[in-house]
Amino acid sequence: MISKSKYLISLFAALFLLLLGIQVYFMYKTAQVKKREIYSDVHNRIDDYVDNLENLGGASNLGDDKLRKVFAEFNNKKISKKEFLQYFDQNRKRTQDKLSDYIDHHFAKEGYKVAIRTQYLSIVYVPKNINLIDKPVTLYETRNKITKAGISNTGKWETSSTSKSDKTDQLERDDSFFVRSQTDFEILNINTVVFQNLTLLTLCCIAILLSVLILYIFTIKNLIRQQKQVEVLHTVVDNISHEFKTPIATLKIASKTLKKEYNTEIFPLIDRQISRLEDLMHQLHPEYLTEERSATKPENWDFFIQDLAFTYENADFKLNNSVSKELPFDKKLMETVIKNLCENSVKYGASEIKIDVKTIQNKLEIIVADNGKGIEQSELKNIFEKFYRIQSNNIHNSKGLGLGLFFVKKIVEKYSGKTEITSEVNVGTTFKISIPYED
């Protein structure tokens, strides 16, 4: 049973982890798809005005001839590299605010924080295949800087012209340039945007996982509880016969006595033991403590002890019965209290048991003191628990269900009484019960 439970727990844990992995993978793929959708939307909308940058006052506003002239002047060493790069730097600064304001306004409703940058990757003088730049040159970019481009568009275009030589009008020079450009853009707050878009789906996934986890924990707790109940049931089945030994032994002794000699006192004893067997069976049912029985008469206390003395011949039972009137307590319940306390003393090695029964100011007081092994102080708080038995080195030295003192406690509580216990190891144990009543 235990190995099967461990297998089920392991299987449940594996399935839960699998479900968790599926949920995480599903959320990851959904987020990736959402990112692509957002990037695609932004990209399409950016294309519309990237192709018309002249409206923003960009470099294209200068016209192809102007750009080609700048390329040619630098190629012909009419301007320095510093002046050449400064031209693009000034253009970038001049267009930055207008471009940034346009982008921010365009995506303000969606809350996108978009960064754009356009660079010339290479400017090649075609006739001699000479690259005029050794690293990318930024043509324009927004105030928001690119950290990792989400999408990059590359473009190629060629500009060319022929011009006359300075020395003679018949020689012509070809000024052709092949330009490669790249436009990068990035949504800097893409993760936040995606999370906001997937908030409901994320909450649903978390709710599903929590529900499964709670169900898992509840199942495990229920499984553990059932496991304990099964263990208790096995203990009950293993030890139930022991609880019947006392009345059965008493009946056997009575039967032998009858065979040897006729004794009228034996018949009432047999009747009481038969009733006790019935009561012992009733103790295993919840309705036991709610049944109405007859009141306890003064002589009943003597009968209780006589039966014990007849059964446990090696124990010395000394009764001091000071009760002189009928008490409003169920006789069978009082018999259970007395016999359970005394049998508990015998069970744990007592050879002498003193029982004192008396009434003081509308209170019944029962004191059972023995000279047995005693009880450790650490055990005292547990001895009234159901199915609890005192252990020594984790081994039960005395057989029994552990129900005797549990029923004593329940009976005393039924009548609003209280139970006190004092014990000393190798000296003995004393139970003191006080139960109030009304005349």
# chains A, B, ... in the order shown; residues from 1 in each chain; ligands from 1
>>> residues_around(residues="segment 123-135 of chain A", least_positions_apart="6", cutoff="8 Å", atoms="only C-alpha atoms", output="PDB file with N, CA, C and O atoms, in the first residue's frame")
ATOM      1  N   PHE A  74      33.969  63.796 -51.766  1.00  0.00           N
ATOM      2  CA  PHE A  74      34.793  63.038 -50.824  1.00  0.00           C
ATOM      3  C   PHE A  74      35.689  62.055 -51.576  1.00  0.00           C
ATOM      4  O   PHE A  74      36.863  61.879 -51.236  1.00  0.00           O
ATOM      5  N   ASN A  75      35.154  61.436 -52.610  1.00  0.00           N
ATOM      6  CA  ASN A  75      35.940  60.478 -53.383  1.00  0.00           C
ATOM      7  C   ASN A  75      37.085  61.175 -54.102  1.00  0.00           C
ATOM      8  O   ASN A  75      38.189  60.617 -54.221  1.00  0.00           O
ATOM      9  N   ASP A 174      33.136  59.187 -65.014  1.00  0.00           N
ATOM     10  CA  ASP A 174      31.891  58.555 -64.554  1.00  0.00           C
ATOM     11  C   ASP A 174      31.878  58.578 -63.027  1.00  0.00           C
ATOM     12  O   ASP A 174      32.716  57.948 -62.384  1.00  0.00           O
ATOM     13  N   ASP A 175      30.886  59.313 -62.384  1.00  0.00           N
ATOM     14  CA  ASP A 175      30.719  59.333 -60.918  1.00  0.00           C
ATOM     15  C   ASP A 175      29.523  58.447 -60.563  1.00  0.00           C
ATOM     16  O   ASP A 175      28.387  58.921 -60.447  1.00  0.00           O
ATOM     17  N   SER A 176      29.779  57.166 -60.433  1.00  0.00           N
ATOM     18  CA  SER A 176      28.735  56.195 -60.076  1.00  0.00           C
ATOM     19  C   SER A 176      29.018  55.617 -58.692  1.00  0.00           C
ATOM     20  O   SER A 176      30.160  55.203 -58.410  1.00  0.00           O
ATOM     21  N   PHE A 177      27.984  55.592 -57.872  1.00  0.00           N
ATOM     22  CA  PHE A 177      28.124  55.098 -56.500  1.00  0.00           C
ATOM     23  C   PHE A 177      27.001  54.085 -56.199  1.00  0.00           C
ATOM     24  O   PHE A 177      25.828  54.320 -56.517  1.00  0.00           O
ATOM     25  N   PHE A 178      27.406  52.975 -55.591  1.00  0.00           N
ATOM     26  CA  PHE A 178      26.463  51.924 -55.181  1.00  0.00           C
ATOM     27  C   PHE A 178      26.329  51.986 -53.657  1.00  0.00           C
ATOM     28  O   PHE A 178      27.319  51.816 -52.929  1.00  0.00           O
ATOM     29  N   VAL A 179      25.108  52.234 -53.202  1.00  0.00           N
ATOM     30  CA  VAL A 179      24.882  52.461 -51.760  1.00  0.00           C
ATOM     31  C   VAL A 179      24.034  51.325 -51.170  1.00  0.00           C
ATOM     32  O   VAL A 179      23.003  50.959 -51.739  1.00  0.00           O
ATOM     33  N   ARG A 180      24.481  50.794 -50.069  1.00  0.00           N
ATOM     34  CA  ARG A 180      23.703  49.811 -49.277  1.00  0.00           C
ATOM     35  C   ARG A 180      23.317  50.466 -47.948  1.00  0.00           C
ATOM     36  O   ARG A 180      24.172  50.975 -47.218  1.00  0.00           O
TER      37      ARG A 180
END
>>> residues_around(residues="Val408 of chain A", least_positions_apart="5", cutoff="8 Å", atoms="only C-alpha atoms", output="list of chain:residue names")
A:Thr336, A:Val337, A:Asn340, A:Leu341, A:Phe384
>>> write_last_selection(atoms="N, CA and C atoms", output="compact mmCIF listing (two decimals), in the first residue's frame")
# COMPACT_ATOMS: atom_id res chain seq x y z
N THR A 336 -17.35 0.95 33.04
CA THR A 336 -16.27 1.13 32.05
C THR A 336 -15.14 1.96 32.63
N VAL A 337 -15.48 3.04 33.34
CA VAL A 337 -14.46 3.90 33.93
C VAL A 337 -13.62 3.11 34.93
N ASN A 340 -11.68 0.05 33.19
CA ASN A 340 -10.61 0.48 32.29
C ASN A 340 -9.42 1.01 33.06
N LEU A 341 -9.67 1.78 34.13
CA LEU A 341 -8.57 2.31 34.94
C LEU A 341 -7.83 1.19 35.65
N PHE A 384 -4.68 9.81 26.80
CA PHE A 384 -6.13 9.80 26.62
C PHE A 384 -6.54 9.88 25.15
>>> atom_distance(atom1="atom CA of His105 of chain A", atom2="atom CA of Phe195 of chain A")
22.3 Å
>>> residues_around(residues="Asp101 of chain A", least_positions_apart="3", cutoff="12 Å", atoms="only C-alpha atoms", output="list of chain:residue names")
A:Leu56, A:Thr95, A:Gln96, A:Asp97, A:Lys98, A:Asp104, A:His105, A:His106, A:Phe107, A:Ala108, A:Lys113, A:Val114, A:Ala115, A:Ile116, A:Glu141, A:Thr142, A:Arg143, A:Asn144
>>> write_last_selection(atoms="N, CA and C atoms", output="tab-separated table (two decimals), in the first residue's frame")
chain	number	residue	atom	x	y	z
A	56	LEU	N	9.77	64.83	-43.70
A	56	LEU	CA	10.27	65.13	-42.35
A	56	LEU	C	11.51	66.01	-42.40
A	95	THR	N	17.32	66.12	-38.01
A	95	THR	CA	16.06	65.37	-38.20
A	95	THR	C	15.61	64.61	-36.96
A	96	GLN	N	16.47	64.54	-35.95
A	96	GLN	CA	16.18	63.67	-34.80
A	96	GLN	C	14.89	64.05	-34.07
A	97	ASP	N	14.72	65.33	-33.74
A	97	ASP	CA	13.54	65.76	-32.98
A	97	ASP	C	12.25	65.56	-33.76
A	98	LYS	N	12.27	65.96	-35.05
A	98	LYS	CA	11.06	65.82	-35.85
A	98	LYS	C	10.68	64.35	-36.03
A	104	ASP	N	6.75	59.03	-31.82
A	104	ASP	CA	6.09	58.98	-30.51
A	104	ASP	C	4.60	59.27	-30.65
A	105	HIS	N	4.25	60.24	-31.46
A	105	HIS	CA	2.85	60.59	-31.64
A	105	HIS	C	2.10	59.48	-32.38
A	106	HIS	N	2.79	58.88	-33.33
A	106	HIS	CA	2.16	57.86	-34.16
A	106	HIS	C	1.78	56.62	-33.36
A	107	PHE	N	2.58	56.30	-32.29
A	107	PHE	CA	2.33	55.08	-31.50
A	107	PHE	C	1.95	55.40	-30.06
A	108	ALA	N	1.52	56.64	-29.83
A	108	ALA	CA	1.15	57.04	-28.46
A	108	ALA	C	-0.05	56.24	-27.96
A	113	LYS	N	7.06	52.18	-27.34
A	113	LYS	CA	8.25	53.02	-27.26
A	113	LYS	C	9.20	52.54	-28.37
A	114	VAL	N	9.12	53.21	-29.54
A	114	VAL	CA	9.79	52.74	-30.74
A	114	VAL	C	11.09	53.52	-30.99
A	115	ALA	N	12.12	52.77	-31.35
A	115	ALA	CA	13.40	53.37	-31.72
A	115	ALA	C	13.70	53.01	-33.17
A	116	ILE	N	14.18	54.01	-33.96
A	116	ILE	CA	14.49	53.80	-35.37
A	116	ILE	C	15.89	54.35	-35.67
A	141	GLU	N	18.29	58.89	-36.76
A	141	GLU	CA	17.78	58.01	-35.72
A	141	GLU	C	16.97	58.81	-34.71
A	142	THR	N	16.16	58.11	-33.97
A	142	THR	CA	15.30	58.75	-32.97
A	142	THR	C	16.06	58.98	-31.68
A	143	ARG	N	15.41	59.72	-30.79
A	143	ARG	CA	16.03	59.93	-29.46
A	143	ARG	C	16.16	58.61	-28.70
A	144	ASN	N	15.17	57.74	-28.88
A	144	ASN	CA	15.27	56.40	-28.31
A	144	ASN	C	16.30	55.61	-29.10
>>> residues_around(residues="Gly150 of chain A", least_positions_apart="2", cutoff="9 Å", atoms="only C-alpha atoms", output="list in words")
Tyr39, Lys148, Ser152, Asp184, Phe185, Glu186 and Ile187 of chain A
>>> atom_distance(atom1="atom CA of Asn362 of chain A", atom2="atom CA of Pro436 of chain A")
5.9 Å
>>> closest_residue(among="A:Phe407, A:Ser275, A:Arg117, A:Arg68", to="Ser160 of chain A", atoms="only C-alpha atoms")
A:Arg68
>>> closest_residue(among="A:Val137, A:Phe71, A:Ser122, A:Glu376", to="Phe88 of chain A", atoms="only C-alpha atoms")
A:Val137
>>> atom_distance(atom1="atom CA of Glu438 of chain A", atom2="atom CA of Lys358 of chain A")
15.0 Å
>>> residues_around(residues="Lys331 of chain A", least_positions_apart="3", cutoff="8 Å", atoms="only C-alpha atoms", output="list in words")
Arg293, Ser294, Ala295, Thr296, Lys297, Asn300, Met334 and Glu335 of chain A
>>> write_last_selection(atoms="all heavy atoms", output="compact mmCIF listing (two decimals), in the first residue's frame")
# COMPACT_ATOMS: atom_id res chain seq x y z
N ARG A 293 -28.95 4.45 30.16
CA ARG A 293 -28.90 3.21 30.94
C ARG A 293 -29.41 3.47 32.36
O ARG A 293 -29.78 4.59 32.71
CB ARG A 293 -27.46 2.68 30.98
CG ARG A 293 -26.82 2.46 29.61
CD ARG A 293 -27.10 1.10 29.07
NE ARG A 293 -26.43 0.90 27.78
CZ ARG A 293 -25.35 0.17 27.61
NH1 ARG A 293 -24.77 -0.42 28.63
NH2 ARG A 293 -24.84 0.02 26.40
N SER A 294 -29.35 2.47 33.18
CA SER A 294 -29.83 2.59 34.56
C SER A 294 -28.83 3.33 35.44
O SER A 294 -27.63 3.39 35.13
CB SER A 294 -30.08 1.19 35.14
OG SER A 294 -28.88 0.42 35.09
N ALA A 295 -29.33 3.93 36.53
CA ALA A 295 -28.47 4.67 37.45
C ALA A 295 -27.55 3.72 38.22
O ALA A 295 -27.76 2.50 38.25
CB ALA A 295 -29.33 5.48 38.42
N THR A 296 -26.53 4.28 38.84
CA THR A 296 -25.54 3.50 39.58
C THR A 296 -25.93 3.43 41.05
O THR A 296 -26.05 4.45 41.73
CB THR A 296 -24.14 4.11 39.45
OG1 THR A 296 -23.82 4.26 38.06
CG2 THR A 296 -23.10 3.24 40.11
N LYS A 297 -26.08 2.20 41.54
CA LYS A 297 -26.43 1.99 42.95
C LYS A 297 -25.15 1.81 43.77
O LYS A 297 -24.10 1.47 43.23
CB LYS A 297 -27.32 0.77 43.07
CG LYS A 297 -28.65 0.91 42.32
CD LYS A 297 -29.49 -0.34 42.44
CE LYS A 297 -30.81 -0.19 41.68
NZ LYS A 297 -31.65 -1.41 41.78
N ASN A 300 -23.21 -1.43 43.28
CA ASN A 300 -22.62 -1.68 41.96
C ASN A 300 -21.11 -1.52 41.98
O ASN A 300 -20.38 -2.25 41.28
CB ASN A 300 -23.21 -0.74 40.92
CG ASN A 300 -24.66 -1.04 40.59
OD1 ASN A 300 -25.47 -0.14 40.38
ND2 ASN A 300 -25.03 -2.33 40.56
N MET A 334 -20.09 3.88 34.29
CA MET A 334 -19.24 3.90 35.49
C MET A 334 -18.41 2.62 35.59
O MET A 334 -17.25 2.64 36.01
CB MET A 334 -20.11 4.06 36.74
CG MET A 334 -20.80 5.42 36.86
SD MET A 334 -19.64 6.82 36.94
CE MET A 334 -19.72 7.43 35.24
N GLU A 335 -19.02 1.48 35.18
CA GLU A 335 -18.27 0.23 35.17
C GLU A 335 -17.10 0.32 34.18
O GLU A 335 -16.00 -0.15 34.48
CB GLU A 335 -19.20 -0.92 34.77
CG GLU A 335 -18.50 -2.27 34.74
CD GLU A 335 -19.44 -3.40 34.34
OE1 GLU A 335 -20.54 -3.10 33.83
OE2 GLU A 335 -19.05 -4.57 34.51
>>> select_by_dssp(residues="segment 104-218 of chain A", states="helix (DSSP H, G or I)", output="count of residues only")
34
>>> residues_around(residues="Leu209 of chain A", least_positions_apart="5", cutoff="10 Å", atoms="only C-alpha atoms", output="PyMOL selection string")
chain A and resi 16-17+19-20+23+203-204+214-215
>>> residues_around(residues="Asn314 of chain A", least_positions_apart="4", cutoff="10 Å", atoms="only C-alpha atoms", output="ChimeraX atom specification")
/A:309-310,346,350-352
>>> closest_residue(among="A:Asn189, A:Ser80, A:Gln361, A:Thr138", to="Ser434 of chain A", atoms="only C-alpha atoms")
A:Gln361
>>> select_by_dssp(residues="segment 43-142 of chain A", states="strand (DSSP E)", output="ChimeraX atom specification")
/A:114-125,130-131,137-141
>>> write_last_selection(atoms="all heavy atoms", output="short mmCIF file (atom, residue, chain, number, x, y, z; two decimals), in the first residue's frame")
data_model
loop_
_atom_site.label_atom_id
_atom_site.label_comp_id
_atom_site.auth_asym_id
_atom_site.auth_seq_id
_atom_site.Cartn_x
_atom_site.Cartn_y
_atom_site.Cartn_z
N VAL A 114 9.12 53.21 -29.54
CA VAL A 114 9.79 52.74 -30.74
C VAL A 114 11.09 53.52 -30.99
O VAL A 114 11.13 54.74 -30.83
CB VAL A 114 8.87 52.88 -31.97
CG1 VAL A 114 9.56 52.38 -33.23
CG2 VAL A 114 7.56 52.11 -31.74
N ALA A 115 12.12 52.77 -31.35
CA ALA A 115 13.40 53.37 -31.72
C ALA A 115 13.70 53.01 -33.17
O ALA A 115 13.51 51.86 -33.59
CB ALA A 115 14.51 52.88 -30.80
N ILE A 116 14.18 54.01 -33.96
CA ILE A 116 14.49 53.80 -35.37
C ILE A 116 15.89 54.35 -35.67
O ILE A 116 16.29 55.37 -35.12
CB ILE A 116 13.46 54.50 -36.28
CG1 ILE A 116 12.07 53.89 -36.07
CG2 ILE A 116 13.86 54.39 -37.74
CD1 ILE A 116 10.99 54.56 -36.88
N ARG A 117 16.57 53.67 -36.59
CA ARG A 117 17.90 54.12 -37.01
C ARG A 117 18.13 53.67 -38.45
O ARG A 117 17.91 52.51 -38.79
CB ARG A 117 18.98 53.54 -36.11
CG ARG A 117 20.41 53.93 -36.51
CD ARG A 117 21.41 53.21 -35.64
NE ARG A 117 21.30 51.76 -35.79
CZ ARG A 117 21.76 50.88 -34.90
NH1 ARG A 117 22.33 51.30 -33.78
NH2 ARG A 117 21.63 49.56 -35.13
N THR A 118 18.56 54.60 -39.28
CA THR A 118 18.93 54.28 -40.66
C THR A 118 20.42 54.55 -40.86
O THR A 118 20.91 55.62 -40.50
CB THR A 118 18.12 55.10 -41.67
OG1 THR A 118 16.74 54.72 -41.57
CG2 THR A 118 18.60 54.84 -43.09
N GLN A 119 21.11 53.57 -41.41
CA GLN A 119 22.56 53.68 -41.62
C GLN A 119 22.92 53.34 -43.06
O GLN A 119 22.23 52.56 -43.72
CB GLN A 119 23.29 52.71 -40.69
CG GLN A 119 23.17 53.01 -39.21
CD GLN A 119 23.89 51.94 -38.38
OE1 GLN A 119 23.73 50.75 -38.61
NE2 GLN A 119 24.69 52.42 -37.44
N TYR A 120 24.01 53.97 -43.52
CA TYR A 120 24.64 53.55 -44.76
C TYR A 120 25.70 52.52 -44.39
O TYR A 120 26.67 52.83 -43.68
CB TYR A 120 25.28 54.73 -45.48
CG TYR A 120 24.29 55.64 -46.18
CD1 TYR A 120 24.64 56.94 -46.54
CD2 TYR A 120 23.01 55.19 -46.50
CE1 TYR A 120 23.75 57.77 -47.19
CE2 TYR A 120 22.11 56.02 -47.13
CZ TYR A 120 22.46 57.31 -47.47
OH TYR A 120 21.57 58.12 -48.09
N LEU A 121 25.51 51.30 -44.88
CA LEU A 121 26.48 50.25 -44.57
C LEU A 121 27.71 50.35 -45.45
O LEU A 121 28.83 50.04 -45.02
CB LEU A 121 25.82 48.87 -44.75
CG LEU A 121 24.56 48.60 -43.90
CD1 LEU A 121 24.03 47.19 -44.18
CD2 LEU A 121 24.87 48.77 -42.42
N SER A 122 27.50 50.78 -46.67
CA SER A 122 28.64 50.94 -47.57
C SER A 122 28.28 51.93 -48.68
O SER A 122 27.11 52.02 -49.08
CB SER A 122 29.05 49.60 -48.20
OG SER A 122 28.00 49.08 -48.99
N ILE A 123 29.28 52.68 -49.13
CA ILE A 123 29.14 53.60 -50.27
C ILE A 123 30.31 53.29 -51.21
O ILE A 123 31.46 53.67 -50.93
CB ILE A 123 29.18 55.08 -49.82
CG1 ILE A 123 28.11 55.35 -48.75
CG2 ILE A 123 28.99 56.01 -51.01
CD1 ILE A 123 28.21 56.73 -48.12
N VAL A 124 30.03 52.58 -52.27
CA VAL A 124 31.09 52.05 -53.14
C VAL A 124 31.16 52.89 -54.42
O VAL A 124 30.15 53.09 -55.11
CB VAL A 124 30.83 50.58 -53.49
CG1 VAL A 124 31.92 50.05 -54.42
CG2 VAL A 124 30.75 49.74 -52.22
N TYR A 125 32.37 53.36 -54.67
CA TYR A 125 32.65 54.05 -55.95
C TYR A 125 32.81 52.97 -57.01
O TYR A 125 33.77 52.20 -57.02
CB TYR A 125 33.92 54.91 -55.82
CG TYR A 125 34.30 55.63 -57.09
CD1 TYR A 125 33.39 56.45 -57.74
CD2 TYR A 125 35.59 55.46 -57.63
CE1 TYR A 125 33.76 57.11 -58.91
CE2 TYR A 125 35.95 56.13 -58.80
CZ TYR A 125 35.03 56.95 -59.43
OH TYR A 125 35.37 57.60 -60.59
N ILE A 130 35.72 51.04 -54.83
CA ILE A 130 36.31 51.54 -53.57
C ILE A 130 35.18 51.91 -52.61
O ILE A 130 34.30 52.69 -52.97
CB ILE A 130 37.21 52.76 -53.84
CG1 ILE A 130 38.37 52.39 -54.77
CG2 ILE A 130 37.74 53.32 -52.53
CD1 ILE A 130 39.22 53.57 -55.19
N ASN A 131 35.26 51.37 -51.42
CA ASN A 131 34.27 51.70 -50.37
C ASN A 131 34.71 52.97 -49.67
O ASN A 131 35.83 53.03 -49.12
CB ASN A 131 34.13 50.55 -49.37
CG ASN A 131 32.95 50.74 -48.43
OD1 ASN A 131 32.20 51.72 -48.55
ND2 ASN A 131 32.77 49.80 -47.51
N VAL A 137 27.54 54.45 -41.31
CA VAL A 137 27.33 55.86 -41.02
C VAL A 137 25.83 56.06 -40.78
O VAL A 137 25.00 55.66 -41.61
CB VAL A 137 27.79 56.75 -42.19
CG1 VAL A 137 27.44 58.21 -41.91
CG2 VAL A 137 29.29 56.59 -42.40
N THR A 138 25.49 56.66 -39.65
CA THR A 138 24.09 56.87 -39.30
C THR A 138 23.55 58.09 -40.03
O THR A 138 24.07 59.21 -39.87
CB THR A 138 23.92 57.05 -37.78
OG1 THR A 138 24.41 55.89 -37.12
CG2 THR A 138 22.46 57.27 -37.42
N LEU A 139 22.48 57.87 -40.78
CA LEU A 139 21.85 58.95 -41.52
C LEU A 139 20.84 59.69 -40.65
O LEU A 139 20.79 60.91 -40.61
CB LEU A 139 21.18 58.40 -42.77
CG LEU A 139 20.56 59.43 -43.71
CD1 LEU A 139 21.63 60.38 -44.24
CD2 LEU A 139 19.83 58.73 -44.85
N TYR A 140 20.01 58.90 -39.94
CA TYR A 140 19.10 59.50 -38.97
C TYR A 140 18.70 58.45 -37.95
O TYR A 140 18.76 57.24 -38.21
CB TYR A 140 17.87 60.10 -39.66
CG TYR A 140 16.98 59.10 -40.36
CD1 TYR A 140 15.99 58.41 -39.67
CD2 TYR A 140 17.12 58.87 -41.73
CE1 TYR A 140 15.18 57.51 -40.32
CE2 TYR A 140 16.31 57.97 -42.38
CZ TYR A 140 15.32 57.28 -41.66
OH TYR A 140 14.53 56.38 -42.31
N GLU A 141 18.29 58.89 -36.76
CA GLU A 141 17.78 58.01 -35.72
C GLU A 141 16.97 58.81 -34.71
O GLU A 141 17.09 60.05 -34.63
CB GLU A 141 18.92 57.27 -35.00
CG GLU A 141 19.82 58.14 -34.15
CD GLU A 141 20.86 57.31 -33.40
OE1 GLU A 141 20.64 56.10 -33.21
OE2 GLU A 141 21.89 57.88 -33.03
#
>>> decode(residues="segment 212-227 of chain A", atoms="C-alpha atoms", output="compact mmCIF listing (two decimals), in the first residue's frame")
# COMPACT_ATOMS: atom_id res chain seq x y z
CA VAL A 212 -4.26 21.57 -10.19
CA LEU A 213 -1.70 22.23 -7.46
CA ILE A 214 -4.40 22.68 -4.80
CA LEU A 215 -6.10 19.51 -6.01
CA TYR A 216 -2.75 17.76 -5.89
CA ILE A 217 -2.06 18.89 -2.31
CA PHE A 218 -5.61 17.99 -1.23
CA THR A 219 -5.23 14.54 -2.81
CA ILE A 220 -1.91 13.95 -1.09
CA LYS A 221 -3.31 15.01 2.30
CA ASN A 222 -6.35 12.81 1.78
CA LEU A 223 -4.10 9.92 0.75
CA ILE A 224 -1.95 10.34 3.86
CA ARG A 225 -5.06 10.53 6.05
CA GLN A 226 -6.45 7.38 4.49
CA GLN A 227 -3.09 5.69 4.91
